[in-house]
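Here the structure comes first, spelled out in structure tokens, and everything after it is commentary.
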Amino acid sequence: MPPSLNILLRSRSLKLRLVVPDLGAAQLEEPVSWVHSSDLEDPTPFLDPGQLLLTDGTQFPVAGVGGGAAGTTTAEQAPGGPPRKVPNGRRYEEYVRRLVDHGIVGLGFATQVIHGTLPPGLEEACRNQGLPLLEVPDRTPFIAIIRMVADYLAREEHARAEWSLQAQRAISRAALRPDGLTSILGELERQLHSWVALYDAAGNYVRMPRNRPVPANIAAHVSQRVRDALDLGTRSASLLDIEGQSVTLQTLGRKGSLRGALVLGAIEPLDPARADIVNSVIGLASLALEQARTLDTARRHLRAGVFEQLLAGSTDVAIRTARQVWGQLPREPLLVTASRQESPAPNLLEALELLSDDYRGAVFYAVRGDLLIVLAARAHHDKVLVLLERHGAVCGVSAETAMSGLADALEEATRAVLRAAELGRAVVTFPELSDGGMLGLLLEEKAGPVARGLLQPLIAHDAAEQTELLETVREWFANNCVWDKTARRLGVHRHTLRNRIDAAGRILGLNLDGMRDRLELFAAVQFLERRKTE
């Protein structure tokens, strides 16, 4: 930190005397960024906030010369106009107010140069407005104060550069350790004296051994902010205020292909030296994560190959291959979930990779063309759906199956995801789709209009001739085409029923004595009934 007013006051060589405020005041610990001397009435255009201003008071009237007492007035030249009389008390107040508004940290006034003592009005104005006022004795040149601050700043800069160099070396040594990324983050935490957290591409907190945890009262808020930043898919750095705590968040990776985020907490805004350290760590972490990305790409190609082996029935080969990389494959019975990947959500595959790692292969995924396919037992299936829905994926889910039935289950999941897209739903399961067996499946394939077209001649005949042939056919099928039972239910003779069914067949162009035509009419009647109830 730059020197403070207290450090200057403690210097015996400068012999400065504190006038305002009292010793121990907080203002005296404000850092002094530089020292400037000026006798202008308004020096603020030439000053920066945080500076200490020195003056010998040439701009102020001398007591006993031209009415310099606080209660009198002196002439002041107004810009573009004639001189005006200004009360000295107000003149000091306005002067001090300009310095305070500009962010000046203190005023040093030299006595025994122009003024024998401090002007009472100046001291009063500084006390009223809280501006520290130091008396500079006549034997202390301003250049001595400036040199002391310059030397102090130079020592601080050298110390900071030395610290930065040592910190960079420590970070580099940590990168060479077997647990490189973990050691890098641990060293960063030690150097900054703050907690450091790494989040993966899915926004999950990655626990690091020996590292400080994220404070419990803000952990949920930090995780949400990380997920929001990752969902944008762009590199970004932001300084956040979460529950009164300062948090720095930096995403890692490339635009559209982020690998995670680094979060630093409970530290002040980064100065250049600490910013360099953080940037070094970000570079090393990004490199480590990019290397992991290359490995992930190879794993995904391997996943695709294992899945093709499963489809081809080479289950033993697939299991042996998977065991070497992921541990196990999902236990039977399993569910197949399919999602179309025309525009995959950012980081979805990374999130699935992490989920698979968490359960040692009990969740398996593969990309096949434009389909993302996930295999999981029912015990883990809910977690799969939560993850996919969080990334905006539209999903279709098969019925439970053994590994030997994977090809059929994939077809079921594919049909279900197509239906989910049509309905605008996040998830459709094949059991929903195929409710009612093959008839329900055909209905979902829009067989209803075909059925109505087939039955339309019979519907038109009933309307024109006031007959009930369609109702007779419906009752006949309801009684499993048993003639006597159907005739009794309709209250007609068996031959009358037979004549009505034959008439319906002639009108529809169907031979209802044959199984094929009988099944076609049965399906059409079922579809028509289903449409009436929807």
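Each chain of the structure tokens is named A, B, ... in the order shown, its residues numbered from 1; ligands are numbered from 1 in display order.
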
### Task
Would you mind listing what lies within 9 Å of Thr44 of chain A as a ChimeraX atom specification, with only C-alpha atoms counted and same-chain residues fewer than 5 positions away left out?
/A:98-99,102,104

Hey, can you spit out that residue selection with C-alpha atoms as a JSON list (two decimals), in the first residue's frame?
[["chain", "number", "residue", "atom", "x", "y", "z"],
["A", 98, "ARG", "CA", -12.98, 22.19, -3.48],
["A", 99, "LEU", "CA", -10.19, 19.99, -2.10],
["A", 102, "HIS", "CA", -11.80, 16.44, -5.47],
["A", 104, "ILE", "CA", -7.55, 15.25, -1.68]]

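Residues lying within 6 Å of segment 406-412 of chain A, counting only C-alpha atoms and ignoring same-chain neighbours fewer than 5 positions away, are Leu311, Ser398 and Phe430 of chain A.
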
Deliver the residues from the most recent selection as a file, using C-alpha atoms, as a PDB file, in the first residue's frame.
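Now in result23.pdb:
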ATOM      1  CA  LEU A 311     -26.291 -52.345 -31.231  1.00  0.00           C
ATOM      2  CA  SER A 398     -37.964 -45.915 -24.436  1.00  0.00           C
ATOM      3  CA  PHE A 430     -42.699 -44.502 -25.524  1.00  0.00           C
TER       4      PHE A 430
END

### Query
Can you tell me, as a list in words, what residues are no more than 12 Å from Gly24 of chain A when counting only C-alpha atoms, ignoring any on the same chain fewer than 5 positions away?
Leu5, Asn6, Leu9, Leu18, Glu29, Glu30 and Pro132 of chain A

Keeping C-alpha atoms, export the residues of the selection given above as a PDB file, in the first residue's frame.
ATOM      1  CA  LEU A   5      -0.499  10.484   6.601  1.00  0.00           C
ATOM      2  CA  ASN A   6       0.326   8.652   9.821  1.00  0.00           C
ATOM      3  CA  LEU A   9       3.653  12.234  10.836  1.00  0.00           C
ATOM      4  CA  LEU A  18      -1.031  17.302  13.149  1.00  0.00           C
ATOM      5  CA  GLU A  29      -4.694   5.935   7.424  1.00  0.00           C
ATOM      6  CA  GLU A  30      -5.809   6.985   3.933  1.00  0.00           C
ATOM      7  CA  PRO A 132      -6.679  16.541   7.620  1.00  0.00           C
TER       8      PRO A 132
END

### Message
To test your reading of the structure, identify every residue in segment 229-354 of chain A that backbone DSSP assigns to helix (DSSP H, G or I), and report it as a ChimeraX atom specification.
### Response
/A:229-232,272-311,315-325,348-354

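For the pair atom CA of Gly116 of chain A and atom CA of Arg10 of chain A, the separation is 23.8 Å.
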
### Message
Taking the DSSP secondary structure from the backbone, can you list the residues of segment 302-467 of chain A that are strand (DSSP E), as a PyMOL selection string?
### Response
chain A and resi 334-340+363-368+371-377+395-397+427-429
